[in-house]
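Trainee: The following file, data21.cif, comprises mmCIF, C-alpha atoms and all ligand atoms:
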```
data_entry
#
loop_
_atom_site.group_PDB
_atom_site.id
_atom_site.type_symbol
_atom_site.label_atom_id
_atom_site.label_comp_id
_atom_site.auth_asym_id
_atom_site.auth_seq_id
_atom_site.Cartn_x
_atom_site.Cartn_y
_atom_site.Cartn_z
ATOM 1 C CA MET H 1 103.554 115.210 123.972
ATOM 2 C CA ASN H 2 100.714 112.921 122.867
ATOM 3 C CA ALA H 3 98.148 114.441 120.528
ATOM 4 C CA ALA H 4 96.401 114.228 117.174
ATOM 5 C CA THR H 5 98.550 117.083 116.011
ATOM 6 C CA LEU H 6 101.211 119.376 117.477
ATOM 7 C CA ASP H 7 100.657 121.993 120.162
ATOM 8 C CA ALA H 8 102.298 125.426 120.156
ATOM 9 C CA GLU H 9 104.923 124.387 122.716
ATOM 10 C CA SER H 10 106.111 121.434 120.588
ATOM 11 C CA ILE H 11 106.281 123.602 117.484
ATOM 12 C CA ARG H 12 108.338 126.134 119.415
ATOM 13 C CA ALA H 13 110.635 123.294 120.572
ATOM 14 C CA LEU H 14 111.028 122.080 116.979
ATOM 15 C CA PHE H 15 112.263 125.461 115.755
ATOM 16 C CA GLU H 16 114.289 126.163 118.894
ATOM 17 C CA HIS H 17 116.001 122.760 119.277
ATOM 18 C CA GLY H 18 115.650 121.407 115.736
ATOM 19 C CA TYR H 19 113.637 118.333 116.715
ATOM 20 C CA VAL H 20 110.692 117.169 118.784
ATOM 21 C CA VAL H 21 109.280 113.712 119.557
ATOM 22 C CA VAL H 22 105.497 113.374 119.279
ATOM 23 C CA ARG H 23 104.651 110.501 121.591
ATOM 24 C CA ALA H 24 102.113 107.717 120.893
ATOM 25 C CA PHE H 25 100.883 109.382 117.720
ATOM 26 C CA PHE H 26 100.091 106.049 116.006
ATOM 27 C CA SER H 27 98.671 102.749 117.226
ATOM 28 C CA ASP H 28 100.219 99.513 115.950
ATOM 29 C CA ASP H 29 97.196 99.000 113.676
ATOM 30 C CA ASP H 30 97.681 102.403 112.046
ATOM 31 C CA LEU H 31 101.118 101.393 110.812
ATOM 32 C CA ALA H 32 100.236 97.855 109.621
ATOM 33 C CA VAL H 33 99.867 98.846 105.939
ATOM 34 C CA VAL H 34 103.166 100.723 105.902
ATOM 35 C CA ARG H 35 104.905 97.841 107.648
ATOM 36 C CA GLY H 36 103.452 95.447 105.031
ATOM 37 C CA ASP H 37 104.713 97.726 102.273
ATOM 38 C CA PHE H 38 108.180 97.744 103.831
ATOM 39 C CA GLU H 39 108.215 93.917 103.921
ATOM 40 C CA ALA H 40 107.206 93.767 100.237
ATOM 41 C CA VAL H 41 109.854 96.352 99.237
ATOM 42 C CA ARG H 42 112.496 94.482 101.236
ATOM 43 C CA ARG H 43 111.598 91.144 99.610
ATOM 44 C CA ALA H 44 111.897 92.743 96.177
ATOM 45 C CA SER H 45 115.254 94.480 96.844
ATOM 46 C CA PRO H 46 118.605 92.810 97.357
ATOM 47 C CA ALA H 47 120.506 94.055 100.441
ATOM 48 C CA SER H 48 122.366 97.103 99.144
ATOM 49 C CA GLY H 49 123.528 99.098 102.167
ATOM 50 C CA ALA H 50 121.128 101.863 101.125
ATOM 51 C CA GLU H 51 117.704 103.189 102.124
ATOM 52 C CA LEU H 52 114.786 101.435 100.419
ATOM 53 C CA SER H 53 112.470 103.622 98.438
ATOM 54 C CA SER H 54 108.718 102.904 98.396
ATOM 55 C CA GLU H 55 106.420 103.318 95.391
ATOM 56 C CA LEU H 56 103.317 103.422 97.613
ATOM 57 C CA ARG H 57 101.593 106.758 97.086
ATOM 58 C CA PHE H 58 100.130 108.958 99.761
ATOM 59 C CA ASP H 59 96.892 109.120 97.757
ATOM 60 C CA ASP H 60 96.508 105.311 97.934
ATOM 61 C CA PRO H 61 93.237 104.655 99.858
ATOM 62 C CA ARG H 62 95.032 102.070 102.051
ATOM 63 C CA VAL H 63 97.136 104.791 103.673
ATOM 64 C CA ARG H 64 94.414 107.412 103.846
ATOM 65 C CA ARG H 65 94.048 107.450 107.636
ATOM 66 C CA VAL H 66 97.808 107.601 108.207
ATOM 67 C CA ARG H 67 98.120 110.282 105.536
ATOM 68 C CA ASP H 68 95.352 112.444 107.021
ATOM 69 C CA ARG H 69 96.919 112.336 110.472
ATOM 70 C CA LEU H 70 100.413 113.140 109.191
ATOM 71 C CA ASP H 71 99.011 115.894 107.022
ATOM 72 C CA ALA H 72 97.292 117.478 110.053
ATOM 73 C CA LEU H 73 100.588 117.343 111.947
ATOM 74 C CA ALA H 74 102.551 118.806 109.023
ATOM 75 C CA GLN H 75 100.003 121.572 108.450
ATOM 76 C CA ALA H 76 100.092 122.532 112.146
ATOM 77 C CA VAL H 77 103.859 123.105 111.895
ATOM 78 C CA ALA H 78 103.699 124.842 108.504
ATOM 79 C CA SER H 79 100.807 127.149 109.362
ATOM 80 C CA SER H 80 102.710 128.380 112.418
ATOM 81 C CA ARG H 81 105.220 129.776 109.858
ATOM 82 C CA GLY H 82 102.549 131.139 107.503
ATOM 83 C CA GLN H 83 103.166 128.250 105.098
ATOM 84 C CA ARG H 84 101.347 125.223 103.687
ATOM 85 C CA ALA H 85 103.037 121.832 103.964
ATOM 86 C CA LEU H 86 103.416 119.465 101.009
ATOM 87 C CA LEU H 87 103.554 115.753 101.659
ATOM 88 C CA PRO H 88 105.547 113.909 98.968
ATOM 89 C CA PHE H 89 103.637 111.882 96.318
ATOM 90 C CA THR H 90 105.192 108.579 97.335
ATOM 91 C CA ILE H 91 105.466 107.775 100.996
ATOM 92 C CA GLY H 92 109.271 107.919 101.212
ATOM 93 C CA ASN H 93 112.106 105.678 102.320
ATOM 94 C CA TYR H 94 112.727 102.855 104.744
ATOM 95 C CA ILE H 95 115.929 102.882 106.786
ATOM 96 C CA GLN H 96 117.127 99.613 108.308
ATOM 97 C CA ALA H 97 119.776 100.025 110.986
ATOM 98 C CA SER H 98 121.393 96.742 109.897
ATOM 99 C CA GLU H 99 121.944 98.198 106.382
ATOM 100 C CA VAL H 100 122.389 101.940 106.868
ATOM 101 C CA SER H 101 124.276 103.975 109.447
ATOM 102 C CA TYR H 102 125.009 107.692 109.047
ATOM 103 C CA GLY H 103 127.489 109.930 110.870
ATOM 104 C CA LEU H 104 126.583 113.524 111.825
ATOM 105 C CA HIS H 105 125.134 115.315 108.807
ATOM 106 C CA CYS H 106 122.403 117.632 107.581
ATOM 107 C CA ASP H 107 120.297 116.492 104.601
ATOM 108 C CA TYR H 108 121.890 118.764 102.041
ATOM 109 C CA GLY H 109 119.823 118.718 98.861
ATOM 110 C CA ILE H 110 117.250 120.630 96.917
ATOM 111 C CA LEU H 111 115.508 121.193 100.235
ATOM 112 C CA SER H 112 118.373 123.424 101.393
ATOM 113 C CA PRO H 113 118.172 126.298 101.799
ATOM 114 C CA SER H 114 114.750 126.252 103.386
ATOM 115 C CA ALA H 115 113.774 128.217 106.459
ATOM 116 C CA ASN H 116 110.818 126.055 107.391
ATOM 117 C CA ALA H 117 111.033 122.570 105.865
ATOM 118 C CA PHE H 118 111.296 119.555 108.131
ATOM 119 C CA LYS H 119 111.350 115.770 108.058
ATOM 120 C CA LEU H 120 109.337 113.008 109.718
ATOM 121 C CA TRP H 121 111.069 109.886 111.030
ATOM 122 C CA ILE H 122 108.708 107.134 112.131
ATOM 123 C CA PRO H 123 109.971 103.861 113.636
ATOM 124 C CA LEU H 124 108.178 100.772 112.309
ATOM 125 C CA VAL H 125 110.326 98.222 114.162
ATOM 126 C CA LYS H 126 112.336 99.349 117.207
ATOM 127 C CA PRO H 127 112.597 96.778 119.973
ATOM 128 C CA ASP H 128 114.417 99.035 122.456
ATOM 129 C CA PRO H 129 113.303 102.676 123.039
ATOM 130 C CA MET H 130 116.849 103.571 124.130
ATOM 131 C CA LEU H 131 118.730 101.983 121.212
ATOM 132 C CA ASP H 132 119.040 102.264 117.434
ATOM 133 C CA GLY H 133 117.358 105.662 117.344
ATOM 134 C CA MET H 134 118.468 109.094 116.182
ATOM 135 C CA THR H 135 121.051 111.362 117.779
ATOM 136 C CA PHE H 136 120.806 115.152 117.369
ATOM 137 C CA VAL H 137 122.974 118.202 117.943
ATOM 138 C CA PRO H 138 120.229 120.523 119.234
ATOM 139 C CA MET H 139 120.271 123.928 117.547
ATOM 140 C CA ASN H 140 120.011 125.791 120.845
ATOM 141 C CA LYS H 141 123.128 124.035 122.187
ATOM 142 C CA LEU H 142 125.021 124.659 118.947
ATOM 143 C CA ARG H 143 123.979 128.344 119.079
ATOM 144 C CA GLU H 144 125.355 128.629 122.601
ATOM 145 C CA ARG H 145 128.620 126.820 121.869
ATOM 146 C CA GLU H 146 129.321 127.927 118.279
ATOM 147 C CA PRO H 147 127.149 131.016 117.621
ATOM 148 C CA ALA H 148 128.815 132.061 114.346
ATOM 149 C CA LEU H 149 128.529 128.570 112.873
ATOM 150 C CA ALA H 150 124.912 128.177 114.040
ATOM 151 C CA ARG H 151 124.014 131.469 112.313
ATOM 152 C CA LYS H 152 125.601 130.283 109.062
ATOM 153 C CA ILE H 153 123.719 127.003 109.069
ATOM 154 C CA ALA H 154 120.245 128.130 110.216
ATOM 155 C CA GLY H 155 117.797 127.863 107.328
ATOM 156 C CA ARG H 156 120.655 127.258 104.891
ATOM 157 C CA GLY H 157 122.061 123.922 105.868
ATOM 158 C CA ALA H 158 125.470 122.324 105.957
ATOM 159 C CA ALA H 159 126.699 118.938 104.910
ATOM 160 C CA ALA H 160 128.491 117.038 107.610
ATOM 161 C CA ILE H 161 130.650 117.000 110.703
ATOM 162 C CA LYS H 162 133.813 114.950 110.267
ATOM 163 C CA ASN H 163 135.955 113.571 113.065
ATOM 164 C CA ASP H 164 133.598 115.329 115.532
ATOM 165 C CA THR H 165 135.358 118.691 115.039
ATOM 166 C CA GLU H 166 135.358 119.652 111.350
ATOM 167 C CA VAL H 167 132.211 121.074 109.717
ATOM 168 C CA VAL H 168 131.686 120.975 105.949
ATOM 169 C CA LEU H 169 129.459 123.877 104.833
ATOM 170 C CA VAL H 170 127.981 124.009 101.346
ATOM 171 C CA GLY H 171 127.340 127.495 100.017
ATOM 172 C CA ALA H 172 128.591 129.109 96.838
ATOM 173 C CA SER H 173 131.700 127.047 97.567
ATOM 174 C CA ILE H 174 132.507 124.342 100.077
ATOM 175 C CA GLU H 175 133.887 125.798 103.284
ATOM 176 C CA ARG H 176 135.457 123.839 106.092
ATOM 177 C CA SER H 177 135.184 125.201 109.571
ATOM 178 C CA THR H 178 136.729 123.819 112.741
ATOM 179 C CA LEU H 179 134.743 123.513 115.949
ATOM 180 C CA GLY H 180 136.219 124.731 119.221
ATOM 181 C CA ALA H 181 135.594 121.370 120.877
ATOM 182 C CA SER H 182 134.237 117.959 120.062
ATOM 183 C CA ILE H 183 130.600 118.022 119.071
ATOM 184 C CA ARG H 184 130.006 114.822 121.001
ATOM 185 C CA ASP H 185 129.117 116.469 124.277
ATOM 186 C CA LEU H 186 126.317 118.454 122.613
ATOM 187 C CA CYS H 187 124.618 115.338 121.247
ATOM 188 C CA GLU H 188 121.243 114.164 122.544
ATOM 189 C CA THR H 189 119.493 110.858 121.799
ATOM 190 C CA PRO H 190 115.788 110.947 122.678
ATOM 191 C CA GLU H 191 114.001 107.814 123.804
ATOM 192 C CA VAL H 192 111.731 106.756 120.923
ATOM 193 C CA ARG H 193 109.159 103.942 120.677
ATOM 194 C CA VAL H 194 107.076 102.496 117.867
ATOM 195 C CA GLY H 195 104.023 104.772 117.627
ATOM 196 C CA ASP H 196 106.089 107.935 118.213
ATOM 197 C CA VAL H 197 106.911 110.376 115.418
ATOM 198 C CA VAL H 198 110.180 112.329 115.372
ATOM 199 C CA VAL H 199 109.797 115.709 113.667
ATOM 200 C CA PHE H 200 113.123 117.342 112.836
ATOM 201 C CA ARG H 201 114.749 120.021 110.725
ATOM 202 C CA ALA H 202 116.935 117.714 108.664
ATOM 203 C CA GLN H 203 118.346 120.525 106.523
ATOM 204 C CA ASP H 204 120.003 122.475 109.330
ATOM 205 C CA THR H 205 120.045 120.300 112.456
ATOM 206 C CA PHE H 206 122.937 117.887 112.611
ATOM 207 C CA HIS H 207 121.729 114.346 113.177
ATOM 208 C CA ARG H 208 123.090 110.835 112.917
ATOM 209 C CA SER H 209 122.106 107.192 113.366
ATOM 210 C CA GLN H 210 122.514 106.422 117.054
ATOM 211 C CA GLU H 211 125.807 104.655 117.645
ATOM 212 C CA PRO H 212 125.473 100.966 118.511
ATOM 213 C CA ASP H 213 125.214 99.987 122.137
ATOM 214 C CA PRO H 214 128.768 99.076 123.322
ATOM 215 C CA ALA H 215 127.276 95.978 124.964
ATOM 216 C CA SER H 216 126.245 94.669 121.530
ATOM 217 C CA ALA H 217 129.875 94.757 120.287
ATOM 218 C CA GLY H 218 128.918 96.806 117.237
ATOM 219 C CA ALA H 219 126.057 94.589 116.109
ATOM 220 C CA ARG H 220 122.909 96.416 115.049
ATOM 221 C CA ARG H 221 119.499 94.946 115.790
ATOM 222 C CA GLU H 222 116.596 94.920 113.415
ATOM 223 C CA ARG H 223 115.322 98.503 113.449
ATOM 224 C CA VAL H 224 113.311 99.952 110.635
ATOM 225 C CA ALA H 225 112.292 103.583 110.322
ATOM 226 C CA TRP H 226 110.139 105.253 107.696
ATOM 227 C CA ALA H 227 111.271 108.771 106.779
ATOM 228 C CA PHE H 228 110.310 111.522 104.322
ATOM 229 C CA PRO H 229 110.738 115.285 103.954
ATOM 230 C CA ILE H 230 107.959 117.871 104.159
ATOM 231 C CA ARG H 231 108.431 120.840 101.849
ATOM 232 C CA MET H 232 106.809 124.241 102.180
ATOM 233 C CA ALA H 233 104.504 124.916 99.197
ATOM 234 C CA GLY H 234 105.321 128.624 98.938
ATOM 235 C CA GLU H 235 109.094 128.572 99.504
ATOM 236 C CA VAL H 236 111.050 129.501 96.404
ATOM 237 C CA ILE H 237 114.083 127.977 94.650
ATOM 238 C CA HIS H 238 116.144 130.425 92.559
ATOM 239 C CA ARG H 239 117.905 129.009 89.525
ATOM 240 C CA ARG H 240 120.755 131.514 89.771
ATOM 241 C CA GLU H 241 121.594 130.350 93.300
ATOM 242 C CA LEU H 242 121.470 126.737 92.252
ATOM 243 C CA PHE H 243 124.300 126.969 89.745
ATOM 244 C CA ARG H 244 126.654 129.053 91.863
ATOM 245 C CA GLY H 245 129.615 127.051 93.089
ATOM 246 C CA LYS H 246 130.634 123.945 91.172
ATOM 247 C CA ALA H 247 131.470 122.171 94.402
ATOM 248 C CA LYS H 248 127.810 122.222 95.390
ATOM 249 C CA ARG H 249 126.971 119.985 92.471
ATOM 250 C CA GLU H 250 128.203 116.797 94.061
ATOM 251 C CA PHE H 251 125.853 117.356 97.001
ATOM 252 C CA LEU H 252 122.787 118.065 94.905
ATOM 253 C CA GLY H 253 123.048 115.396 92.227
ATOM 254 C CA ARG H 254 122.565 115.881 88.501
ATOM 255 C CA SER H 255 119.042 114.532 88.358
ATOM 256 C CA SER H 256 117.556 116.828 91.034
ATOM 257 C CA VAL H 257 119.308 119.885 89.539
ATOM 258 C CA ALA H 258 117.969 118.961 86.071
ATOM 259 C CA THR H 259 114.468 118.623 87.523
ATOM 260 C CA VAL H 260 114.585 122.155 89.003
ATOM 261 C CA LEU H 261 115.982 123.561 85.760
ATOM 262 C CA ALA H 262 113.345 121.820 83.616
ATOM 263 C CA CYS H 263 110.565 122.976 85.933
ATOM 264 C CA SER H 264 111.792 126.592 85.698
ATOM 265 C CA TRP H 265 111.769 126.240 81.870
ATOM 266 C CA GLN H 266 108.240 124.915 82.018
ATOM 267 C CA HIS H 267 107.161 127.984 83.996
ATOM 268 C CA ARG H 268 109.412 130.325 81.984
ATOM 269 C CA ARG H 269 110.667 131.803 85.241
ATOM 270 C CA GLU H 270 113.989 132.104 87.036
ATOM 271 C CA SER H 271 112.417 130.985 90.306
ATOM 272 C CA ILE H 272 109.873 128.286 91.115
ATOM 273 C CA THR H 273 108.046 127.260 94.273
ATOM 274 C CA TYR H 274 108.338 123.845 95.894
ATOM 275 C CA GLU H 275 104.694 123.312 94.985
ATOM 276 C CA GLU H 276 105.519 123.798 91.305
ATOM 277 C CA LEU H 277 108.531 121.516 91.659
ATOM 278 C CA GLY H 278 106.395 118.802 93.302
ATOM 279 C CA ALA H 279 103.805 118.982 90.497
ATOM 280 C CA PHE H 280 106.572 118.756 87.891
ATOM 281 C CA GLU H 281 108.154 115.739 89.607
ATOM 282 C CA GLU H 282 104.763 114.074 89.456
ATOM 283 C CA GLN H 283 104.541 114.734 85.691
ATOM 284 C CA ILE H 284 107.931 113.068 85.273
ATOM 285 C CA ARG H 285 106.832 110.121 87.350
ATOM 286 C CA ALA H 286 103.701 109.818 85.187
ATOM 287 C CA ARG H 287 106.035 109.962 82.122
ATOM 288 C CA ARG H 288 104.264 112.932 80.521
ATOM 289 C CA PRO H 289 106.084 113.534 77.209
ATOM 290 C CA GLY H 290 106.313 117.359 77.574
ATOM 291 C CA ALA H 291 107.837 117.144 81.057
ATOM 292 C CA LEU H 292 110.193 114.339 80.043
ATOM 293 C CA ALA H 293 111.448 116.314 77.022
ATOM 294 C CA LEU H 294 112.212 119.292 79.281
ATOM 295 C CA TYR H 295 113.894 117.048 81.824
ATOM 296 C CA TYR H 296 116.158 115.299 79.304
ATOM 297 C CA GLY H 297 117.056 118.664 77.761
ATOM 298 C CA ALA H 298 117.930 120.044 81.180
ATOM 299 C CA TYR H 299 119.923 116.918 82.030
ATOM 300 C CA ALA H 300 121.984 117.351 78.867
ATOM 301 C CA VAL H 301 122.858 121.032 79.406
ATOM 302 C CA GLU H 302 123.167 120.980 83.217
ATOM 303 C CA PRO H 303 126.948 120.305 83.270
ATOM 304 C CA LEU H 304 127.546 123.432 81.178
ATOM 305 C CA LEU H 305 125.734 125.817 83.499
ATOM 306 C CA TRP H 306 127.852 125.593 86.624
ATOM 307 C CA ARG H 307 129.982 128.540 87.519
ATOM 308 C CA SER H 308 132.857 128.116 89.931
HETATM 309 O O1 LIG H 401 117.544 106.228 110.588
HETATM 310 C C1 LIG H 401 118.719 106.585 110.706
HETATM 311 O O2 LIG H 401 119.554 105.873 111.269
HETATM 312 C C2 LIG H 401 119.191 107.923 110.204
HETATM 313 C C3 LIG H 401 118.135 108.662 109.469
HETATM 314 C C4 LIG H 401 118.545 109.985 108.893
HETATM 315 O O3 LIG H 401 119.666 110.443 109.013
HETATM 316 C C5 LIG H 401 117.535 110.733 108.168
HETATM 317 O O4 LIG H 401 116.380 110.254 108.023
HETATM 318 O O5 LIG H 401 117.862 111.862 107.691
#
```
Could I get this structure in the form of structure tokens?
Ligand SMILES: O=C(O)CCC(=O)C(=O)O
Mentor:
Amino acid sequence: MNAATLDAESIRALFEHGYVVVRAFFSDDDLAVVRGDFEAVRRASPASGAELSSELRFDDPRVRRVRDRLDALAQAVASSRGQRALLPFTIGNYIQASEVSYGLHCDYGILSPSANAFKLWIPLVKPDPMLDGMTFVPMNKLREREPALARKIAGRGAAAIKNDTEVVLVGASIERSTLGASIRDLCETPEVRVGDVVVFRAQDTFHRSQEPDPASAGARRERVAWAFPIRMAGEVIHRRELFRGKAKREFLGRSSVATVLACSWQHRRESITYEELGAFEEQIRARRPGALALYYGAYAVEPLLWRS
């Protein structure tokens, strides 16, 4: 579809299939500032084989137009679920295909479990619409082929698919589950051009970097995508669920767990919303002494709180 925001049919497709491509959402001019920011971040960062993280903020006047349009899109999806979408404070990460290539995974993190969160993936440089894009295992196909597994993952997430047949699930403990057949024949790679926006449920829809074109003998072209998650303001994170299952810790990371813990201390509650978490993260970024003291305290005690 091609629109200023998302129509009901595309939103239905997003929740049914796990992803949707919004066509020709941006003009080349719209993305010039973000592309310039990417170039500056790349110049300042040595090649590291990792995503590049931008410090440009969504409230910077230079990205206002882009922000307003993305916000309208995000709110259209969120309001269909009775939620309000939260854009991150900084604009997110840049993913260069020459540096980064992921196998099939879900973005397991503080965002999981979340019934309604999603992610935006926006190509900035992508010379060929058919190559160097994103490959998905659509939720509807997974539901048909592996209904029990699809039920376990929906809204809760998983971690990865290994060797095309083994699924790693992260719950109270790490479970490994074997697929009846190779996942490869369920995969879809949509055609995507610069100007399009891919909206997808990163937390529970398996996705990967598209495999290189066999004709290119493994070489990856210059392709740069800009990606960031959209959280739901009113969804809740429970502290007691966070610390269940030591194995989960490696997937979450000490710093994000400490941030949730410190935020729950700040609110003197066992559970916090993503909106509260976002505001707390901003206080840390602004180096507010009260928030930093809570964060360092939480970081120190975090290893002691995990139960197996
Ligand atoms: O850009 C890519 O190749 C993969 C991106 C991805 O997996 C993500 O944004 O979650």
Trainee: In terms of the shortest atom-to-atom distance over only C-alpha atoms, which of H:Gly234, H:Gly155, H:Pro147, H:Pro303 is closest to Glu276 in chain H?
Mentor: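 Looking at the shortest contact to Glu276 in chain H, the residue is H:Gly234.
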Trainee: Ligand LIG 401 (chain H): which residues are within 10 Å, counting all atoms listed in the file? Reply as a ChimeraX atom specification.
Mentor: /H:51,93-108,119-123,132-136,198,200-203,205-211,223-229
Trainee: Measure the distance from CA of Glu241 in chain H to CA of Ala115 in chain H in Å and round it to one decimal.
Mentor: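 Atom-to-atom, CA of Glu241 in chain H to CA of Ala115 in chain H, that is 15.5 Å.
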Trainee: From the options H:Arg65, H:Arg23, H:Arg35, H:Arg176, which residue's atoms come nearest to Pro129 in chain H, counting only C-alpha atoms?
Mentor: H:Arg23
Trainee: Determine the residue set returned by the PyMOL selection byres (((chain H and resi 254) around 10) and not hetatm) for the present structure, and present it as a VMD selection string.
Mentor: chain H and resid 249 to 253 255 to 259 298 to 300 302 to 303
Trainee: So which one's closest to Gln283 in chain H, H:Thr165, H:Gln266, H:Ser114, H:Ser10? Using only C-alpha atoms, please.
Mentor: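 Selected residue with least distance to Gln283 in chain H: H:Gln266.
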Trainee: Point out the residue among H:Leu73, H:Val301, H:Val236, H:Ala117 with the least atom-to-atom distance to Leu261 in chain H, counting only C-alpha atoms.
Mentor: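 Smallest separation from Leu261 in chain H among the options: H:Val301.
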Trainee: Measuring atom to atom with all atoms listed in the file, identify which of H:Glu188, H:Leu305, H:Leu14, H:Val260 is nearest to Arg81 in chain H.
Mentor: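 That would be H:Leu14, the residue with the smallest distance to Arg81 in chain H.
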Trainee: So the first atom is CA of Val41 in chain H and the second is CA of Glu222 in chain H; what is the distance between them in Å, to one decimal place?
Mentor: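 A separation of 15.8 Å between them.
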Trainee: CA of Val197 in chain H and CA of Ala40 in chain H are how many Å apart?
Mentor: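 The value is 22.5 Å.
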Trainee: Can you translate the PyMOL selection byres (((chain H and resi 31) around 10) and not hetatm) into the concrete residues it hits in this file, as a PyMOL selection string?
Mentor: chain H and resi 26-30+32-37+63+65-66+122-124+194-195
Trainee: If you take every atom of range 129-139 of chain H that the file lists and fit an axis-aligned box around them with 5 Å extra on each side, what centre and edge lengths come out in Å to one decimal, as JSON?
Mentor:
```
{"center_x": 118.1, "center_y": 113.0, "center_z": 120.2, "size_x": 19.7, "size_y": 31.9, "size_z": 17.9}
```
Trainee: From the set H:Ser182, H:Asn163, H:Thr90, H:Ser271, which residue has the shortest atom-to-atom contact distance to Arg67 in chain H, counting all atoms listed in the file?
Mentor: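 Between H:Ser182, H:Asn163, H:Thr90, H:Ser271, the residue approaching Arg67 in chain H most closely is H:Thr90.
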Trainee: Could you check which residues have any atom within 8 Å of (103.8, 110.0, 94.9), counting only C-alpha atoms with coordinates taken straight from the file, and then list them as a PyMOL selection string?
Mentor: chain H and resi 55-59+88-91+282
Trainee: Keeping only C-alpha atoms, write the selected residues to a file as an mmCIF file, keeping the file's coordinate frame.
Mentor:
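So the final result, stored in part.cif, reads:
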```cif
data_model
loop_
_atom_site.group_PDB
_atom_site.id
_atom_site.type_symbol
_atom_site.label_atom_id
_atom_site.label_comp_id
_atom_site.auth_asym_id
_atom_site.auth_seq_id
_atom_site.Cartn_x
_atom_site.Cartn_y
_atom_site.Cartn_z
ATOM 1 C CA GLU H 55 106.420 103.318 95.391
ATOM 2 C CA LEU H 56 103.317 103.422 97.613
ATOM 3 C CA ARG H 57 101.593 106.758 97.086
ATOM 4 C CA PHE H 58 100.130 108.958 99.761
ATOM 5 C CA ASP H 59 96.892 109.120 97.757
ATOM 6 C CA PRO H 88 105.547 113.909 98.968
ATOM 7 C CA PHE H 89 103.637 111.882 96.318
ATOM 8 C CA THR H 90 105.192 108.579 97.335
ATOM 9 C CA ILE H 91 105.466 107.775 100.996
ATOM 10 C CA GLU H 282 104.763 114.074 89.456
#
```
Trainee: So that I can check the surroundings of Ala78 in chain H, please list as a VMD selection string every protein, DNA and RNA residue that reaches within 8 Å of it, counting all atoms listed in the file and ignoring chain neighbours fewer than 6 positions away.
Mentor: chain H and resid 84 to 85 116 232
